[in-house]
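What follows is one structure encoded as structure tokens, with my remarks underneath.
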Amino acid sequence: MTINIKKDILHPILRMDWLMNVAIVLLLITGIMFVYSSCYIDNELAVRPLYKKQIGWAFIGTLGYFFFSVLDYRRLRKLSWSGYLAALVLLVTVIFIGKEMYGAKRWLMLFGENGIGIQPSEIAKISILILLARKLSMPGENFVSWKPILMILALVGLPIMLIMQQPDLGTSLVLLPMTLMMMFVANVPWKTIGTLALIGITCISIVLGAVLIPEKLGADKVVQAKVLRLVGLKPYHKKRIDVFFNAEQDPLGAGWNKRQSEIAVGSGGLWGKGYLKGTQNILGFLPRSVAPNDFIFSVIAEEMGFIGSTVILLMYTTLIGCAIRTAFVAIDKFGRLLCIGVVAMLFTHVFINIAMTIGFMPITGLPLPLLSYGGSFMVVMMATLGIVQSVFIRSHHSPIIYKQGRLWETTPGS
Amino acid sequence: MSSAEQINHELVRLRVLIVILASVFVALLTIMWRVQVVNSTHYTKRLDRQSIRRVRLPGVRGAVYDRNGVCLAGNNPNYCVAIYIEELRQPGRWANTIDKVEEVIDTISTEFNIKREVTRKNIATHIQRRLPLPFLAWRNISPTIISRIKESDTPMLGVDIYVEPVRTYPQGKAASHITGYVGTFKPAKDIDIPYHYYLPEMEGREGIERSCNDILTGTAGGRLIRVDASGFKHDRKFEKEPVPGTDIQLTIDLRIQALAEMALHGVRGACVIVDPNNGDILAIASSPAFDLSRFTPRIPTKYWKELNDDKRLPLFNRAISGAYAPGSIFKPLVAIASLENKKNKATDEFDCPGYFELGKSRFKCWKSDGHGLIDMRKALEQSCNTYFFHVGQECGHEKIYHMAAAVGLGYKTGVPLGGESAGLLPNDAWKRARYNERWRGGDTCNFSIGQGALSVTPIQIALYTATIANGGTLYHPRLLLDQGSNSHNQHRWTTGKIANQLNWSGLTLETVRGGMFDVINAPTGTGKRALIPGLLMAGKTGTAEYGTRNNRKKNTWMILFAPYTKPKYAIAMIVEDGISGGLTVAPRLKRLMIGIQQLKNNEETG
């Protein structure tokens with residue numbers, strides 16, 4: 001198979017969704033600006049040029065973005081199983097030889113102990129997305145029976161279980177809504193969706209109940225710990241949930257981030273304090289280890305105010321809107337579901353992260369797509385957005401030759 | 001359902017999804033509006049209240065005491081005056097702020113009459129590197145000045161006082177090798193430290209400070225200190241009290257320790273004193289020592305360099321890290337090995353013409369005209385080499401080797417002080433590995449009088465002496481007597497732990513102890529210079545040669561236990577480059593024992 005530069009690369013690029021490109025570029029630039037803002041005054045001289053690393057990651061991400069845009073997404077169907085298995089292998093590997101940071105084993109170190117760290121859970125996100133889209137778009141499957149549904153749940157459940165071992169609650173929290181939303185659009189019967197949602201709500205109630213009720217009833221520490229173990233929670237989970245409901249009880253420990261983030265966002269006001277002038281961040285009330293990644297939104301909200309936060313939300317709305325539009329014009333169910341998966345991923349990250357920074361949800365440690373500092377997540381997010389572009393390029397929106405999928409589509413014998 | 005219908009359904013679902021997602025985002029925007037615009041003043045107020053400093057306070061390090069409660073390592077408060085430069089921030093260039101900081105420092109300096117300790121350059125560097133941290137303008141201010149500053153009416157914005165505990169060693173040079181010292185603990189890089197001011201803790205670097213670091217270190221706490229415009233009157237909003245570390249009591253008796261150090265005054269050497277009834281270590285002296293009082297608040301670079309460059313190695317703990325040939329103090333063990341294995345009888349007599357012939361080689365006795373025909377007890381008293389060459393040959397190296405291993409030679413004793421040496425207990429396998437040669441009869445001859453490759457540490461020898469003194473019980477050395485007398489979880493070890501129970505026969509013990517008794521008490525004994533009238537003691541001298549053929553040097557030893565009938569002290573002492581055990585060490589041990597005797601007398605009368 002030969003690649004014709006003009007036909008196979010240039011033409012697809014010209015037919016990209018340019019509104020989406022603009023939204024992505026704006027978000028990337030904003031991200032780099034505020035990673036700089038959150039780190040430029042850090043005590044550790046080594047941390048100050050973190051924004052330069054972020055530029056590097058954005059560049060690598062852009063390469064991935066274009067690669068997946070140009071690549072016909074229908075080829076991904078064949079790769080879905082191998083991608084999924086590779087992700088599983090990585091997830092198991094990280095349990096054994098992962099590097100521990102802040103109490104979680106999430107990173108696989110490449111090029112030595114201080115080299116580049118990759119997060120297998122991020123890779124799991126994209127491979128689950130592709131496999132789910134394939135499973136849910138099997139021709140002739142109407143999901144009336146429970147068998148295929150259970151199969152899908154098992155396929156999602158296995159990596160979630162592995163990710164919980166790290167432990168990483170946040171990533172698991174993203175995969176569940178993604179599955180549910182993709183099932184929803186894939187025409188899984190209302191009854192099934194409703195049942196699953198009900199089970200989900202029950203699980204959350206059990207978890208919250210296990211954390212809160214024994215203490216309310218006055219059970220001693222041993223019993224409390226026992227109940228937690230029964231439900232499969234780690235003590236730090238309990239701590240975070242506790243902090244959400246009563247931040248003042250440990251202002252020095254777990255409550256600190258939540259409290260400081262709330263103050264940062266709230267004190268931003270309508271117009272903010274101005275770029276590089278957020279005192280919460282400069283004075284180090286917002287811990288510098290989390291400001292550039294999980295709490296980047298607090299930095300933005302403090303410095304740019306409600307107006308700035310709204311602009312950020314609008315950028316994400318545009319991005320999500322573009323992906324939904326692509327879902328409408330996609331020529332097949334596989335493409336449509338890929339887009340919905342990306343929509344779900346973006347939406348859940350944005351919602352959970354912002355809700356957590358303004359004190360509306362427990363701290364779960366989810367980054368903001370394209371804004372937060374972080375390599376693996378940046379590259380994976382850009383790649384999934386590239387998949388959406390690939391669907392767009394080959395949609396009803398484009399000239400006929402793309403719809404028929406001649407480009408890069410291997411025909412028998414070729 | 002047709003394909004077109006299917007797609008239509010999907011698109012309907014998609015529209016439903018849009019409505020759900022849009023409404024969630026609108027809800028999010030509404031909450032953001034409420035937090036950032038409607039309630040903004042509430043948060044801004046909370047922010048203003050945040051002239052709060054988050055300070056990490058390490059737990060005070062536990063103290064170290066001797067067995068009578070005398071302090072070996074403790075803590076003293078060290079007062080510092082700190083300036084928060086951010087609160088003095090002036091508009092415009094940083095130079096303006098530096099001027100302001102200098103002004104504040106000068107005001108304090110004149111008002112309280114304390115000499116300025118920092119330069120303009122220090123301030124500039126601090127602003128560049130560690131702006132959010134307080135700038136320490138004075139360290140180690142006297143408490144009287146501190147109270148004057150605290151009572152002062154002048155409001156001083158951005159100024160605060162810190163108290164940091166500083167490790168002190170009230171005993172100076174005494175027991176310095178046991179106590180050890182501390183250094184600043186450098187926290188691991190990736191530990192999340194959301195503190196404005198991180199007061200580091202100390203970490204043990206040597207001695208007990210190091211080996212018991214986990215016990216001594218407390219748990220750090222945190223404080224939110226509000227610094228308001230009226231000066232120092234800060235209120236402590238929330239506190240997580242630091243938990244002090246656990247105190248430790250050692251088995252060391254500092255009075256005996258001091259006597260042992262005195263006995264070694266002016267020479268290089270070591271002395272270990274053990275209670276033979278339970279393995280308690282009463283003293284571990286190594287000479288020369290270093291002065292711990294000069295180690296606080298931090299070691300002056302000059303003194304540190306001096307200690308490291310000193311050829312006499314004052315930082316080296318000879319008592320546990322020094323491995324020396326034992327010489328004749330090994331002979332009682334050879335006697336025990338032979339008697340216990342029934343290879344010789346106490347009554348066996350050998351003739352000493354002044355040498356011993358093995359094949360073509362001739363091994364010399366220290367007395368060149370010979371001891372004549374003597375038995376074992378006499379041979380111990382006289383330290384006759386020839387006799388023990390005979391015993392060694394008849395008993396065989398392996399039997400002696402196993403007995404030596406049974407009393408712990410060649411193994412670390414496990415005393416909780418770092419850098420312990422295991423010494424070396426050579427045998428055939430060792431010689432093959434080291435020199436690719438088999439063990440020969442000549443090696444056994446050297447081995448039988450404690451020479452050759454054999455090397456031991458003073459603490460091993462003290463425990464071996466204690467084993468002879470108590471009749472065959474080898475104890476693990478016990479250095480920690482008590483822990484946590486200052487807290488709830490007190491832990492006290494009541495009895496010494498037995499390492500090995502050697503069932504030596506009464507006859508063996510009688511012969512060996514008898515010989516050792518004669519060493520001191522017979523008019524011809526090699527250790528007669530240790531004799532103290534009215535105190536029955538037993539011992540053995542040793543003189544171990546080392547160095548090149550042209551430059552022979554002698555390490556001189558003596559072991560001793562007392563009182564003879566009911567031993568309470570087992571002592572091993574070595575003096576490097578002495579004349580002989582009897583001449584160099586015996587008088588020192590005599591002085592030491594007289595001192596201990598006086599201590600006991602004082603205790604009984606007063």
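Residues in the structure tokens are numbered from 1 in each chain, the chains being A, B, ... in the order shown, and ligands are numbered from 1 in the order shown.
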
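The list of residues with at least one atom within 8 Å of A:Ile95, based on only C-alpha atoms and without residues fewer than 2 positions apart in the same chain, reads A:Leu91, A:Val92, A:Thr93, A:Ile97, A:Gly98, A:Lys105, A:Gln165, A:Gln166.
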
*Mind listing as number ranges by chain which residues of chain B are within 6 Å of chain A, counting only C-alpha atoms?*
B: 10, 13-14, 35-37, 40, 43-44, 130, 194

*Could you work out how far atom CA of B:Ala283 lies from atom CA of B:Gln257, giving the answer in Å with one decimal?*
4.6 Å

_All residues 10 Å or closer to B:Asn446, only C-alpha atoms, same chain fewer than 6 positions away omitted, as number ranges by chain_ = B: 327, 363, 385, 388-389, 392, 452-454

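Counting only C-alpha atoms and comparing B:Ile320, B:Arg362, B:Ser211, B:Leu292, the residue that lies closest to B:Pro416 is B:Ser211.
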
*So which residues touch B:Pro587 within 6 Å, counting only C-alpha atoms, skipping near sequence neighbours fewer than 2 positions away, as a count of residues only?*
5

*Which neighbours of A:Ser145 fall inside 12 Å, counting only C-alpha atoms, when residues of the same chain fewer than 6 positions from it are skipped, and could you give them as a list in words?*
Met151, Val188, Pro189, Lys191 and Thr192 of chain A

_Can you tell me which residues surround stretch 286-289 of chain B at a distance of at most 10 Å, considering only C-alpha atoms, apart from same-chain residues fewer than 4 positions away, and format the answer as a PyMOL selection string?_
chain B and resi 172-178+260-272+307+312-320+322+458+573-576

*Would you mind listing what lies within 10 Å of B:Thr526 as a VMD selection string, with only C-alpha atoms counted and same-chain residues fewer than 6 positions away left out?*
chain B and resid 380 to 383 516 518 to 520 539 to 542 580 to 583 586

*If you measure from atom CA of B:Glu203 to atom CA of B:Ile141, what distance in Å do you get, rounded to one decimal?*
23.9 Å

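For the set B:Phe135, B:Trp366, B:Phe447, B:Tyr162, the residue with the smallest atom-to-atom gap to B:Arg56 is B:Tyr162, counting only C-alpha atoms.
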
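Atom CA of B:Thr457 lies 8.7 Å from atom CA of B:Glu420.
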
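Comparing A:Leu155, A:Pro235, A:Asn293, A:Ala133 by their smallest distance to A:Lys221, the closest is A:Pro235 (using only C-alpha atoms).
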